[in-house]
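Visitor: I am sharing model.cif, which consists of mmCIF, C-alpha atoms:
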data_start
#
loop_
_atom_site.label_atom_id
_atom_site.label_comp_id
_atom_site.auth_asym_id
_atom_site.auth_seq_id
_atom_site.Cartn_x
_atom_site.Cartn_y
_atom_site.Cartn_z
CA MET K 10 0.00 0.00 0.00
CA ALA K 11 1.35 3.44 -0.98
CA THR K 12 2.48 5.73 1.84
CA TRP K 13 0.50 8.94 2.34
CA VAL K 14 2.43 11.97 1.07
CA GLU K 15 1.83 15.48 2.33
CA PRO K 16 0.83 17.62 -0.69
CA ARG K 17 3.17 20.62 -0.79
CA LEU K 18 5.36 22.53 -3.22
CA PRO K 19 9.12 23.07 -3.27
CA ARG K 20 10.16 26.52 -2.05
CA GLY K 21 9.86 29.18 -4.72
CA MET K 22 7.50 27.12 -6.89
CA ARG K 23 3.75 27.60 -7.39
CA ASP K 24 0.63 26.18 -8.96
CA ILE K 25 -1.32 28.50 -11.24
CA LEU K 26 -5.03 27.71 -11.16
CA PRO K 27 -7.34 28.13 -14.18
CA GLN K 28 -8.61 31.67 -13.56
CA LYS K 29 -5.06 32.99 -13.22
CA MET K 30 -4.02 30.93 -16.23
CA LEU K 31 -6.65 32.72 -18.31
CA GLN K 32 -5.07 36.04 -17.36
CA ARG K 33 -1.61 34.74 -18.21
CA ARG K 34 -2.78 33.39 -21.54
CA TYR K 35 -4.40 36.72 -22.40
CA VAL K 36 -1.13 38.59 -21.78
CA MET K 37 0.93 35.99 -23.65
CA ARG K 38 -1.36 36.13 -26.66
CA VAL K 39 -1.15 39.93 -26.85
CA ILE K 40 2.65 39.74 -26.66
CA GLU K 41 2.88 36.92 -29.23
CA ASN K 42 0.67 38.85 -31.64
CA VAL K 43 2.87 41.94 -31.40
CA PHE K 44 6.05 39.87 -31.78
CA GLU K 45 4.72 38.27 -34.95
CA ARG K 46 3.45 41.62 -36.27
CA PHE K 47 7.09 42.78 -36.14
CA GLY K 48 8.24 39.66 -38.01
CA PHE K 49 9.57 37.59 -35.10
CA GLU K 50 9.13 33.81 -35.30
CA PRO K 51 8.67 31.28 -32.48
CA LEU K 52 11.50 29.10 -31.16
CA GLN K 53 11.56 26.37 -28.52
CA THR K 54 14.65 25.19 -26.62
CA PRO K 55 14.97 22.46 -23.96
CA ALA K 56 14.65 23.14 -20.25
CA LEU K 57 17.94 21.28 -19.69
CA GLU K 58 21.25 22.47 -21.11
CA LEU K 59 24.76 21.14 -20.71
CA ALA K 60 26.26 22.89 -17.71
CA GLN K 61 29.17 24.09 -19.83
CA THR K 62 26.68 25.90 -22.09
CA LEU K 63 25.47 28.08 -19.22
CA LEU K 64 28.53 28.52 -17.01
CA GLY K 65 30.82 31.47 -17.66
CA LYS K 66 28.15 33.58 -19.38
CA TYR K 67 26.35 35.50 -16.64
CA GLY K 68 28.94 36.53 -14.06
CA PRO K 69 29.74 34.89 -10.71
CA ASP K 70 26.80 36.31 -8.76
CA ALA K 71 24.25 35.05 -11.27
CA GLU K 72 25.88 31.67 -11.72
CA LYS K 73 25.37 30.87 -8.04
CA LEU K 74 21.67 30.70 -8.89
CA ILE K 75 21.92 28.07 -11.65
CA TYR K 76 20.29 24.74 -10.80
CA ASP K 77 22.35 21.58 -11.27
CA ALA K 78 20.21 18.86 -12.85
CA ARG K 79 22.36 15.76 -13.29
CA HIS K 80 20.52 12.45 -13.58
CA ARG K 81 21.56 10.02 -10.86
CA GLU K 82 22.84 7.56 -13.48
CA GLY K 83 23.82 10.06 -16.14
CA LYS K 84 27.34 11.10 -17.05
CA GLU K 85 26.50 14.49 -18.55
CA GLU K 86 26.69 17.54 -16.32
CA LEU K 87 23.35 19.28 -16.86
CA ALA K 88 21.68 22.46 -15.63
CA LEU K 89 18.24 24.04 -15.84
CA ARG K 90 18.27 27.05 -18.14
CA TYR K 91 18.84 30.38 -16.39
CA ASP K 92 17.56 32.56 -19.23
CA LEU K 93 16.62 32.33 -22.91
CA SER K 94 19.47 34.34 -24.45
CA VAL K 95 22.28 31.83 -23.92
CA PRO K 96 20.19 28.95 -25.35
CA LEU K 97 19.43 31.18 -28.35
CA SER K 98 23.13 31.76 -28.88
CA ARG K 99 23.75 28.00 -28.81
CA VAL K 100 20.94 27.43 -31.33
CA VAL K 101 22.35 30.00 -33.75
CA ALA K 102 25.85 28.52 -33.46
CA MET K 103 24.50 25.02 -34.13
CA ASN K 104 22.43 26.16 -37.12
CA PRO K 105 24.67 28.45 -39.21
CA GLU K 106 22.31 28.08 -42.19
CA LEU K 107 19.63 30.20 -40.50
CA THR K 108 18.71 33.19 -42.66
CA LYS K 109 20.08 36.43 -41.21
CA PRO K 110 18.91 38.58 -39.68
CA PHE K 111 17.29 35.87 -37.59
CA LYS K 112 14.35 37.23 -35.59
CA ARG K 113 12.96 34.91 -32.94
CA TYR K 114 10.79 35.03 -29.86
CA GLN K 115 10.39 32.52 -27.05
CA ILE K 116 8.04 32.42 -24.05
CA ALA K 117 9.13 29.71 -21.65
CA PRO K 118 10.00 28.97 -18.01
CA VAL K 119 13.47 29.50 -16.56
CA TRP K 120 14.86 28.53 -13.16
CA ARG K 121 16.93 30.47 -10.63
CA ALA K 122 17.75 29.43 -7.06
CA GLU K 123 16.95 32.86 -5.62
CA ARG K 124 15.63 33.48 -2.13
CA PRO K 125 11.84 33.23 -2.52
CA GLN K 126 9.88 36.36 -1.63
CA LYS K 127 6.74 38.20 -2.70
CA GLY K 128 6.67 38.43 -6.49
CA ARG K 129 9.90 36.45 -6.90
CA TYR K 130 9.89 32.75 -7.69
CA ARG K 131 12.46 30.10 -8.49
CA GLU K 132 10.53 29.05 -11.58
CA PHE K 133 9.07 31.80 -13.72
CA TYR K 134 8.41 32.64 -17.35
CA GLN K 135 10.60 34.79 -19.52
CA CYS K 136 9.39 36.36 -22.71
CA ASP K 137 12.21 37.22 -25.12
CA ALA K 138 12.51 38.65 -28.62
CA ASP K 139 15.92 38.93 -30.30
CA ILE K 140 17.47 39.91 -33.63
CA VAL K 141 20.66 38.09 -34.64
CA GLY K 142 22.87 39.26 -37.50
CA ALA K 143 22.13 43.00 -37.65
CA THR K 144 24.67 45.65 -36.65
CA SER K 145 22.40 48.62 -37.39
CA MET K 146 21.01 50.61 -34.47
CA LEU K 147 17.72 50.34 -36.34
CA ALA K 148 17.44 46.76 -35.01
CA ASP K 149 17.74 48.04 -31.43
CA ALA K 150 15.24 50.79 -32.22
CA GLU K 151 12.77 48.24 -33.58
CA ILE K 152 13.01 46.29 -30.32
CA ILE K 153 12.15 49.47 -28.40
CA ALA K 154 9.24 50.29 -30.73
CA MET K 155 7.93 46.76 -30.20
CA ILE K 156 8.11 47.18 -26.41
CA PHE K 157 6.02 50.33 -26.71
CA ALA K 158 3.45 48.50 -28.84
CA ILE K 159 3.16 45.65 -26.31
CA LEU K 160 2.71 47.86 -23.25
CA SER K 161 0.28 50.15 -25.06
CA GLU K 162 -1.89 47.23 -26.20
CA LEU K 163 -1.94 45.82 -22.67
CA GLY K 164 -3.26 49.16 -21.42
CA PHE K 165 -0.24 50.75 -19.74
CA LYS K 166 -0.35 54.55 -20.00
CA GLU K 167 2.59 56.01 -18.07
CA PHE K 168 5.92 54.34 -18.82
CA VAL K 169 9.35 55.32 -20.08
CA THR K 170 12.23 53.41 -21.63
CA LYS K 171 15.62 54.34 -20.23
CA LEU K 172 18.63 54.05 -22.56
CA ASN K 173 22.33 53.72 -21.87
CA HIS K 174 25.32 52.14 -23.56
CA ARG K 175 27.75 49.60 -22.14
CA GLN K 176 30.68 51.34 -23.78
CA VAL K 177 29.77 54.59 -22.01
CA LEU K 178 29.89 52.70 -18.72
CA THR K 179 33.26 51.24 -19.68
CA ALA K 180 34.57 54.72 -20.49
CA LEU K 181 33.21 55.98 -17.18
CA GLY K 182 35.36 53.40 -15.40
CA GLU K 183 38.40 54.37 -17.48
CA TYR K 184 37.83 58.07 -16.85
CA SER K 185 37.56 57.59 -13.09
CA GLY K 186 40.57 55.26 -12.87
CA VAL K 187 38.71 52.48 -11.05
CA PRO K 188 40.65 49.19 -11.19
CA THR K 189 39.04 46.52 -13.40
CA GLU K 190 38.33 44.20 -10.49
CA LEU K 191 36.28 46.94 -8.75
CA LEU K 192 34.17 47.98 -11.73
CA GLY K 193 31.27 45.74 -10.68
CA GLY K 194 31.04 47.57 -7.35
CA LEU K 195 31.20 50.92 -9.14
CA TYR K 196 28.37 50.04 -11.51
CA ARG K 197 26.18 48.64 -8.75
CA ALA K 198 26.63 51.86 -6.78
CA ILE K 199 25.76 54.31 -9.56
CA ASP K 200 22.81 52.17 -10.65
CA LYS K 201 21.20 53.03 -7.30
CA LEU K 202 21.40 56.80 -7.85
CA GLU K 203 17.65 57.27 -8.28
CA LYS K 204 16.85 55.21 -5.17
CA ILE K 205 19.51 56.36 -2.69
CA GLY K 206 20.66 59.73 -4.03
CA ARG K 207 24.13 61.20 -4.44
CA ASP K 208 25.19 60.74 -0.80
CA GLY K 209 23.97 57.17 -0.85
CA VAL K 210 26.01 56.45 -3.96
CA ARG K 211 29.09 57.94 -2.27
CA ALA K 212 28.60 55.66 0.73
CA GLU K 213 28.02 52.66 -1.52
CA MET K 214 31.22 53.33 -3.50
CA VAL K 215 33.23 53.67 -0.30
CA LYS K 216 31.74 50.39 0.93
CA ASN K 217 32.76 48.80 -2.39
CA GLN K 218 36.36 49.98 -1.86
CA ILE K 219 36.39 52.46 -4.76
CA PRO K 220 39.49 54.69 -4.34
CA ALA K 221 38.72 58.16 -2.97
CA PRO K 222 39.95 60.10 -6.07
CA ALA K 223 37.74 57.94 -8.27
CA VAL K 224 34.76 58.54 -5.99
CA GLU K 225 35.09 62.31 -6.42
CA LYS K 226 35.45 62.05 -10.22
CA ILE K 227 32.36 59.86 -10.44
CA LEU K 228 30.33 62.19 -8.21
CA ALA K 229 31.31 65.15 -10.41
CA LEU K 230 30.02 63.21 -13.41
CA LEU K 231 26.78 62.42 -11.62
CA ASP K 232 26.23 66.14 -11.13
CA LEU K 233 25.74 66.40 -14.91
CA PRO K 234 22.23 65.78 -16.29
CA THR K 235 22.16 62.07 -17.06
CA ASP K 236 20.66 62.75 -20.50
CA ASP K 237 23.02 65.54 -21.60
CA LEU K 238 24.95 63.68 -24.31
CA ALA K 239 26.89 66.79 -25.36
CA ALA K 240 28.23 67.38 -21.84
CA TRP K 241 29.16 63.72 -21.39
CA ARG K 242 30.78 63.71 -24.85
CA GLU K 243 33.02 66.58 -23.78
CA ILE K 244 34.00 64.89 -20.50
CA LEU K 245 34.72 61.55 -22.21
CA ARG K 246 36.33 62.99 -25.36
CA ALA K 247 39.63 61.20 -24.63
CA TYR K 248 37.92 57.79 -24.39
CA PRO K 249 37.02 56.42 -27.85
CA ARG K 250 34.69 53.72 -26.58
CA GLY K 251 32.64 56.27 -24.68
CA ILE K 252 32.35 58.50 -27.74
CA ALA K 253 31.33 55.53 -29.91
CA GLY K 254 28.64 54.66 -27.36
CA ILE K 255 27.25 58.20 -27.34
CA ASP K 256 27.20 58.20 -31.16
CA GLU K 257 25.15 55.00 -31.18
CA LEU K 258 22.74 56.35 -28.58
CA GLU K 259 22.14 59.37 -30.81
CA GLN K 260 21.46 57.08 -33.78
CA LEU K 261 19.15 54.96 -31.65
CA THR K 262 17.01 57.88 -30.51
CA GLN K 263 16.72 59.14 -34.10
CA HIS K 264 15.56 55.72 -35.34
CA THR K 265 12.98 55.33 -32.55
CA ARG K 266 11.44 58.66 -33.52
CA ALA K 267 11.25 57.50 -37.16
CA LEU K 268 9.42 54.38 -35.90
CA GLY K 269 6.81 56.56 -34.21
CA VAL K 270 7.95 56.22 -30.60
CA ASN K 271 6.94 59.25 -28.56
CA PRO K 272 10.21 61.04 -27.58
CA ALA K 273 8.66 61.88 -24.21
CA ARG K 274 8.63 58.14 -23.49
CA LEU K 275 12.40 57.81 -24.04
CA GLN K 276 14.99 58.86 -21.50
CA VAL K 277 18.74 58.64 -21.95
CA ASP K 278 20.12 57.76 -18.51
CA LEU K 279 23.89 57.37 -18.50
CA THR K 280 23.82 55.98 -14.95
CA MET K 281 21.47 53.08 -15.75
CA VAL K 282 23.18 49.68 -15.52
CA ARG K 283 21.93 46.27 -16.60
CA GLY K 284 23.49 43.46 -14.62
CA LEU K 285 24.39 40.74 -17.12
CA GLU K 286 28.00 40.82 -18.23
CA TYR K 287 27.42 39.88 -21.86
CA TYR K 288 25.98 43.26 -22.95
CA THR K 289 28.26 45.13 -25.36
CA GLY K 290 26.23 48.05 -26.73
CA PRO K 291 22.97 49.88 -26.06
CA ILE K 292 21.06 48.72 -22.99
CA PHE K 293 17.45 49.59 -22.24
CA GLU K 294 14.94 49.19 -19.47
CA THR K 295 11.27 50.16 -19.39
CA VAL K 296 9.74 51.35 -16.14
CA VAL K 297 6.19 52.31 -15.25
CA THR K 298 6.22 55.82 -13.84
CA GLU K 299 2.67 56.02 -12.47
CA PRO K 300 2.24 54.14 -10.25
CA LYS K 301 5.91 53.42 -9.55
CA ILE K 302 6.24 49.65 -9.87
CA GLY K 303 9.74 49.16 -11.24
CA SER K 304 10.89 47.78 -14.56
CA LEU K 305 8.70 45.74 -16.91
CA THR K 306 11.22 45.09 -19.69
CA GLY K 307 14.98 45.02 -20.04
CA GLY K 308 17.46 44.20 -22.74
CA GLY K 309 20.31 45.34 -24.90
CA ARG K 310 22.93 44.45 -27.48
CA TYR K 311 25.21 41.48 -26.90
CA ASP K 312 27.50 41.15 -29.91
CA GLY K 313 29.97 38.77 -28.26
CA LEU K 314 27.77 36.04 -26.80
CA ILE K 315 27.21 33.90 -29.90
CA GLY K 316 30.95 33.95 -30.57
CA LEU K 317 31.42 31.93 -27.39
CA PHE K 318 29.75 29.01 -29.20
CA SER K 319 30.93 29.59 -32.75
CA LYS K 320 34.08 30.56 -34.64
CA THR K 321 31.99 33.23 -36.30
CA ALA K 322 30.83 36.06 -34.05
CA LEU K 323 27.42 37.51 -34.83
CA PRO K 324 25.83 40.76 -33.62
CA ALA K 325 22.65 40.39 -31.59
CA THR K 326 20.18 42.55 -29.72
CA GLY K 327 16.96 41.82 -27.87
CA THR K 328 14.72 42.28 -24.89
CA THR K 329 13.05 40.38 -22.09
CA VAL K 330 9.47 41.37 -21.35
CA GLY K 331 8.81 40.87 -17.63
CA ILE K 332 5.66 38.86 -18.12
CA GLU K 333 5.36 37.80 -14.46
CA ARG K 334 5.47 41.36 -13.18
CA ILE K 335 3.15 42.57 -15.94
CA ILE K 336 0.54 39.97 -14.96
CA ASP K 337 0.81 40.84 -11.25
CA VAL K 338 0.53 44.57 -11.94
CA MET K 339 -2.39 44.20 -14.33
CA ASP K 340 -4.21 42.05 -11.78
CA GLU K 341 -3.55 44.51 -8.95
CA LEU K 342 -4.59 47.54 -11.02
CA ARG K 343 -7.60 45.71 -12.54
CA MET K 344 -6.35 46.22 -16.08
CA PHE K 345 -7.67 42.96 -17.52
CA PRO K 346 -10.66 43.22 -19.88
CA PRO K 347 -13.93 43.03 -17.94
CA ASN K 348 -15.15 40.22 -20.21
CA LEU K 349 -12.14 38.04 -19.42
CA GLY K 350 -14.10 35.30 -17.70
CA LYS K 351 -13.36 32.83 -14.96
CA THR K 352 -13.72 29.87 -17.30
CA VAL K 353 -13.21 28.96 -20.93
CA THR K 354 -16.63 27.28 -21.04
CA GLN K 355 -19.28 29.34 -22.83
CA VAL K 356 -22.30 27.11 -22.37
CA LEU K 357 -23.46 24.18 -20.26
CA VAL K 358 -25.76 21.70 -21.98
CA THR K 359 -27.88 20.23 -19.19
CA VAL K 360 -29.22 16.65 -19.09
CA PHE K 361 -32.93 16.61 -18.22
CA ASP K 362 -32.99 12.90 -17.44
CA ALA K 363 -31.45 9.62 -18.61
CA THR K 364 -33.82 9.38 -21.59
CA GLN K 365 -32.65 12.79 -22.89
CA ARG K 366 -28.91 12.18 -22.43
CA ALA K 367 -28.25 11.15 -26.04
CA ALA K 368 -29.96 14.29 -27.37
CA SER K 369 -27.90 16.47 -25.01
CA LEU K 370 -24.67 14.79 -26.08
CA ALA K 371 -25.53 15.29 -29.76
CA LEU K 372 -26.30 18.97 -29.12
CA GLY K 373 -23.01 19.41 -27.25
CA MET K 374 -21.03 17.96 -30.17
CA GLU K 375 -22.85 20.22 -32.65
CA LEU K 376 -21.95 23.27 -30.57
CA ARG K 377 -18.31 22.20 -30.32
CA ALA K 378 -18.17 21.65 -34.08
CA ALA K 379 -19.45 25.22 -34.48
CA GLY K 380 -16.63 26.55 -32.29
CA VAL K 381 -18.57 27.03 -29.05
CA ASN K 382 -16.74 25.97 -25.87
CA THR K 383 -19.23 23.52 -24.41
CA GLU K 384 -19.64 21.30 -21.37
CA VAL K 385 -22.30 18.58 -21.18
CA TRP K 386 -23.47 17.37 -17.76
CA TYR K 387 -22.51 13.76 -17.01
CA ASP K 388 -25.27 12.41 -14.80
CA ALA K 389 -29.04 12.59 -14.64
CA ASP K 390 -28.97 14.93 -11.63
CA GLY K 391 -31.57 17.53 -10.84
CA LEU K 392 -31.55 20.70 -12.94
CA GLY K 393 -30.85 22.80 -9.83
CA LYS K 394 -27.57 21.01 -9.17
CA GLN K 395 -26.47 21.46 -12.77
CA LEU K 396 -27.24 25.18 -12.82
CA LYS K 397 -25.53 25.63 -9.44
CA TYR K 398 -22.38 24.10 -10.96
CA ALA K 399 -22.59 26.47 -13.92
CA ALA K 400 -22.98 29.46 -11.61
CA ALA K 401 -20.01 28.39 -9.47
CA LYS K 402 -17.84 28.22 -12.59
CA ALA K 403 -19.28 31.48 -14.00
CA ILE K 404 -20.43 29.74 -17.18
CA PRO K 405 -22.56 32.43 -18.84
CA PHE K 406 -25.24 30.31 -20.56
CA ALA K 407 -27.11 27.04 -20.09
CA LEU K 408 -29.26 25.06 -22.53
CA ILE K 409 -32.20 23.04 -21.24
CA ALA K 410 -34.09 20.49 -23.35
CA GLY K 411 -36.65 18.27 -21.68
CA PRO K 412 -39.42 16.17 -23.26
CA ASP K 413 -41.67 19.21 -23.85
CA GLU K 414 -38.89 21.16 -25.61
CA ASN K 415 -37.89 18.17 -27.71
CA ALA K 416 -41.53 17.58 -28.74
CA ALA K 417 -41.80 21.22 -29.86
CA ALA K 418 -38.31 21.20 -31.49
CA VAL K 419 -37.14 24.07 -29.24
CA ILE K 420 -34.42 24.56 -26.63
CA THR K 421 -34.53 26.82 -23.59
CA LEU K 422 -31.58 29.22 -23.46
CA ARG K 423 -30.94 30.63 -20.00
CA ASP K 424 -28.63 33.62 -19.41
CA LEU K 425 -27.07 32.75 -16.04
CA ASN K 426 -25.96 36.33 -15.39
CA SER K 427 -29.33 38.00 -15.84
CA GLY K 428 -31.60 35.01 -15.17
CA GLU K 429 -33.49 35.66 -18.40
CA GLN K 430 -34.46 32.73 -20.56
CA SER K 431 -36.16 32.16 -23.89
CA GLN K 432 -37.17 29.28 -26.11
CA ILE K 433 -35.39 29.04 -29.44
CA ALA K 434 -36.05 26.78 -32.40
CA ARG K 435 -33.71 23.79 -32.39
CA ASP K 436 -32.29 24.60 -35.83
CA GLU K 437 -31.55 28.22 -34.81
CA ILE K 438 -29.86 27.56 -31.49
CA ILE K 439 -26.27 27.71 -32.74
CA ALA K 440 -26.75 31.06 -34.48
CA ARG K 441 -28.72 32.62 -31.61
CA LEU K 442 -26.30 31.37 -28.96
CA GLY K 443 -23.40 32.73 -31.02
CA GLU K 444 -25.07 36.15 -31.03
CA LYS K 445 -25.54 36.03 -27.26
CA ILE K 446 -21.91 35.04 -26.67
CA ALA K 447 -20.64 37.80 -28.97
CA ALA K 448 -22.74 40.38 -27.13
CA ALA K 449 -21.74 39.24 -23.65
#
Could you take the file, read its structure, and then write that structure out as structure tokens?

Guide:
Amino acid sequence: MATWVEPRLPRGMRDILPQKMLQRRYVMRVIENVFERFGFEPLQTPALELAQTLLGKYGPDAEKLIYDARHREGKEELALRYDLSVPLSRVVAMNPELTKPFKRYQIAPVWRAERPQKGRYREFYQCDADIVGATSMLADAEIIAMIFAILSELGFKEFVTKLNHRQVLTALGEYSGVPTELLGGLYRAIDKLEKIGRDGVRAEMVKNQIPAPAVEKILALLDLPTDDLAAWREILRAYPRGIAGIDELEQLTQHTRALGVNPARLQVDLTMVRGLEYYTGPIFETVVTEPKIGSLTGGGRYDGLIGLFSKTALPATGTTVGIERIIDVMDELRMFPPNLGKTVTQVLVTVFDATQRAASLALGMELRAAGVNTEVWYDADGLGKQLKYAAAKAIPFALIAGPDENAAAVITLRDLNSGEQSQIARDEIIARLGEKIAAA
């Protein structure tokens, strides 16, 4: 006899019940439609990768979060995927015949052994779109325009995409004289400028052992407007990588305007840092400004990552849409369409009694063939029990056909929201029900 097992989840994991799944599917469908409208095509990669594929790509802090997944009898060292960008790079390296530019999207779960907390899970979905094989800043601009289309279609009103460039950050380190091994601490400190202010950044840099002369040079830079490219160009004029980064940011903002992105929704922020080490060019992050709920998307250019898997390096740029946070925010702010129901079922076909079961089953199959999401009751229970079930599931309509209805070739259609009901000719029921569903 099997031993009783307490039903519980591993830490950081969750079940997503049907009503929440309907919300998730709504968001995913909107995002997929926008991706495909911009010419991106779907890709699937395995949950498991060789450990060597993932290690050495994200930086030491991130790699502590990668799950080992070796089979007890297997010889391969495996790991659960940490993101979708590294698997994409492996796919491109393994399939050199792919037409370039290669534009793909993927919506799939990833795993990170983070400390579980509100809104942060160890298994969650990422939603990525990337362009491989294009060096033009127009590719990066198209990613940004696509982000704006997604958030607008989901109903977000107040948001801004912040832009920076990895080469500007590199030049900032060179200008200040911070040793290479301390650059991570420098970037983490200045990335907190908006949250902790200038004095907080000073304290953070000191804590991160940034030399005092470098601290003062950085603070003087932070006194400049973070979007004043001309002033930063003058300060960094002796650092070619910084100048090249500023040039590309100027190109990027011009292209986004040509693509119809509202300039008021773009903000150059030369203190913004994205954490992953593989970024090489423009980096971008979209934040909701009202209410303040943090970033919803993040991405950038990573021209060196594919070269780690192939003798031929390829340019690449892309974004992650924070689908988990978007869903949480939309739920909290009641942004989902009011007609997004609690169930996929549109109608319950009741069973009057055992003698009418065959007729109910036939009607249910006709409705399904016509594209109506239909449930048929299983047992010859009382009508009250069947309608109570429909109400509990928020099924909007029920069809009732007893001996009297069948003799008159009609069916009773009950609207379970209003309580209204009417008798409809049997051969008109599909059309009339379709009208009711469309109007609901």

Visitor: Figure out the distance between atom CA of Ser431 of chain K and atom CA of Val385 of chain K, please, to one decimal in Å.

Guide: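 A separation of 19.6 Å between them.
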
Visitor: Could you spell out the hits of the PyMOL selection byres ((chain K and resi 303) around 12) on the shown file, as a VMD selection string?

Guide: chain K and resid 168 to 171 203 to 204 294 to 302 304 to 307 331 334 to 335 338

Visitor: Quick one: residues within 7 Å of Val277 of chain K, all atoms listed in the file counted, chain neighbours fewer than 6 positions away excluded, as a PyMOL selection string?

Guide: chain K and resi 171-173+235-236

Visitor: Export C-alpha atoms of the chosen residues as a tab-separated table (two decimals), in the frame of the given file?

Guide:
chain	number	residue	atom	x	y	z
K	171	LYS	CA	15.62	54.34	-20.23
K	172	LEU	CA	18.63	54.05	-22.56
K	173	ASN	CA	22.33	53.72	-21.87
K	235	THR	CA	22.16	62.07	-17.06
K	236	ASP	CA	20.66	62.75	-20.50

Visitor: Give as a list of chain:residue names the residues that the PyMOL selection byres ((chain K and resi 134) around 9) matches when applied to the coordinates above.

Guide: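 Written out, the selection comes to K:Ile116, K:Ala117, K:Pro118, K:Val119, K:Trp120, K:Glu132, K:Phe133, K:Gln135, K:Cys136, K:Gly331, K:Ile332, K:Glu333.
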
Visitor: Report as a VMD selection string the full result of the PyMOL selection byres ((chain K and resi 446) around 12) when it is applied to this structure.

Guide: chain K and resid 348 350 354 to 356 380 to 382 404 to 407 422 424 438 to 445 447 to 449

Visitor: From the set K:Ile153, K:Val187, K:Val43, K:Met146, which residue has the shortest atom-to-atom contact distance to Leu258 of chain K, counting only C-alpha atoms?

Guide: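 So, comparing all the options, the nearest one is K:Met146.
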
Visitor: Determine, counting all atoms listed in the file, which protein, DNA and RNA residues have an atom within 6 Å of an atom of segment 17-22 of chain K; residues of the same chain fewer than 6 positions away are not included. Present the result as a PyMOL selection string.

Guide: chain K and resi 125+130-132

Visitor: Would you kindly return, as a PyMOL selection string, each protein, DNA or RNA residue with an atom no farther than 12 Å from any atom of Gln218 of chain K, considering all atoms listed in the file and excluding same-chain residues fewer than 2 positions away?

Guide: chain K and resi 187-188+190-195+198+211-216+220-224

Visitor: Could you state the separation of atom CA of Gln126 of chain K and atom CA of Ile156 of chain K in Å, given to one decimal place?

Guide: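 Here the two named atoms are 27.1 Å from each other.
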
Visitor: Atom CA of Phe44 of chain K to atom CA of Gly164 of chain K: how many Å, to one decimal?

Guide: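 Straight-line distance from atom CA of Phe44 of chain K to atom CA of Gly164 of chain K works out to 16.7 Å.
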
Visitor: Would you list the contacts of Ala367 of chain K as a list in words, taking every protein, DNA or RNA residue within 12 Å and counting only C-alpha atoms, but skipping same-chain residues closer than 6 positions in sequence?

Guide: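 The residues that qualify are Val358, Thr359, Val360, Phe361, Gly373, Met374, Val385, Trp386, Tyr387, Asp388, Ala389, Ala410 and Gly411 of chain K.
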
Visitor: Show which residues sit within 6 Å of Pro110 of chain K, as a list of chain:residue names. Count only C-alpha atoms, and ignore same-chain residues fewer than 2 positions away.

Guide: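 Residues near the query, excluding close chain neighbours: K:Val141, K:Gly142, K:Ala143.
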
Visitor: The selected residues should be written to file as a PDB file, in the coordinates of the input (atoms: C-alpha atoms).

Guide:
ATOM      1  CA  VAL K 141      20.660  38.090 -34.640  1.00  0.00           C
ATOM      2  CA  GLY K 142      22.870  39.260 -37.500  1.00  0.00           C
ATOM      3  CA  ALA K 143      22.130  43.000 -37.650  1.00  0.00           C
TER       4      ALA K 143
END

Visitor: Just checking: using all atoms listed in the file, which residue out of K:Pro27, K:Glu72, K:Ile152, K:Glu437 ends up closest to His264 of chain K?

Guide: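 Smallest distance to His264 of chain K is found for K:Ile152.
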
Visitor: Take the point (28.2, 20.5, -15.9) in the file's coordinates, draw a sphere of radius 7 Å around it, and report as a VMD selection string every protein, DNA or RNA residue with an atom inside or on it, counting only C-alpha atoms.

Guide: chain K and resid 59 to 61 85 to 88

Visitor: Between K:Pro249, K:Gly254, K:Gly182, K:Pro51, which has the minimum distance to Ile219 of chain K (counting only C-alpha atoms)?

Guide: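 That would be K:Gly182, the residue with the smallest distance to Ile219 of chain K.
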
Visitor: Find, counting all atoms listed in the file, the residue in K:Val95, K:Ile40, K:Leu160, K:Ala11 that gets nearest to Met344 of chain K.

Guide: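 Ranked by minimum distance to Met344 of chain K, first place goes to K:Leu160.
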
Visitor: Of the candidates K:Gln28, K:Gln115, K:Ser185, K:Gln53, which shows the shortest atom-to-atom distance to Asp137 of chain K, using only C-alpha atoms?

Guide: K:Gln115

Visitor: Which is closer to Leu181 of chain K than all the others in K:Ser319, K:Thr421, K:Asn415, K:Thr280, using all atoms listed in the file?

Guide: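 Of K:Ser319, K:Thr421, K:Asn415, K:Thr280, the one nearest Leu181 of chain K, counting all atoms listed in the file, is K:Thr280.
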
Visitor: Could you work out an axis-aligned box for segment 25-43 of chain K, taking every atom the file lists and adding 6 Å on each side, and report centre and edge lengths in Å to one decimal, as lines of an AutoDock Vina configuration file?

Guide:
center_x = -2.9
center_y = 34.8
center_z = -21.4
size_x = 23.5
size_y = 26.2
size_z = 32.5
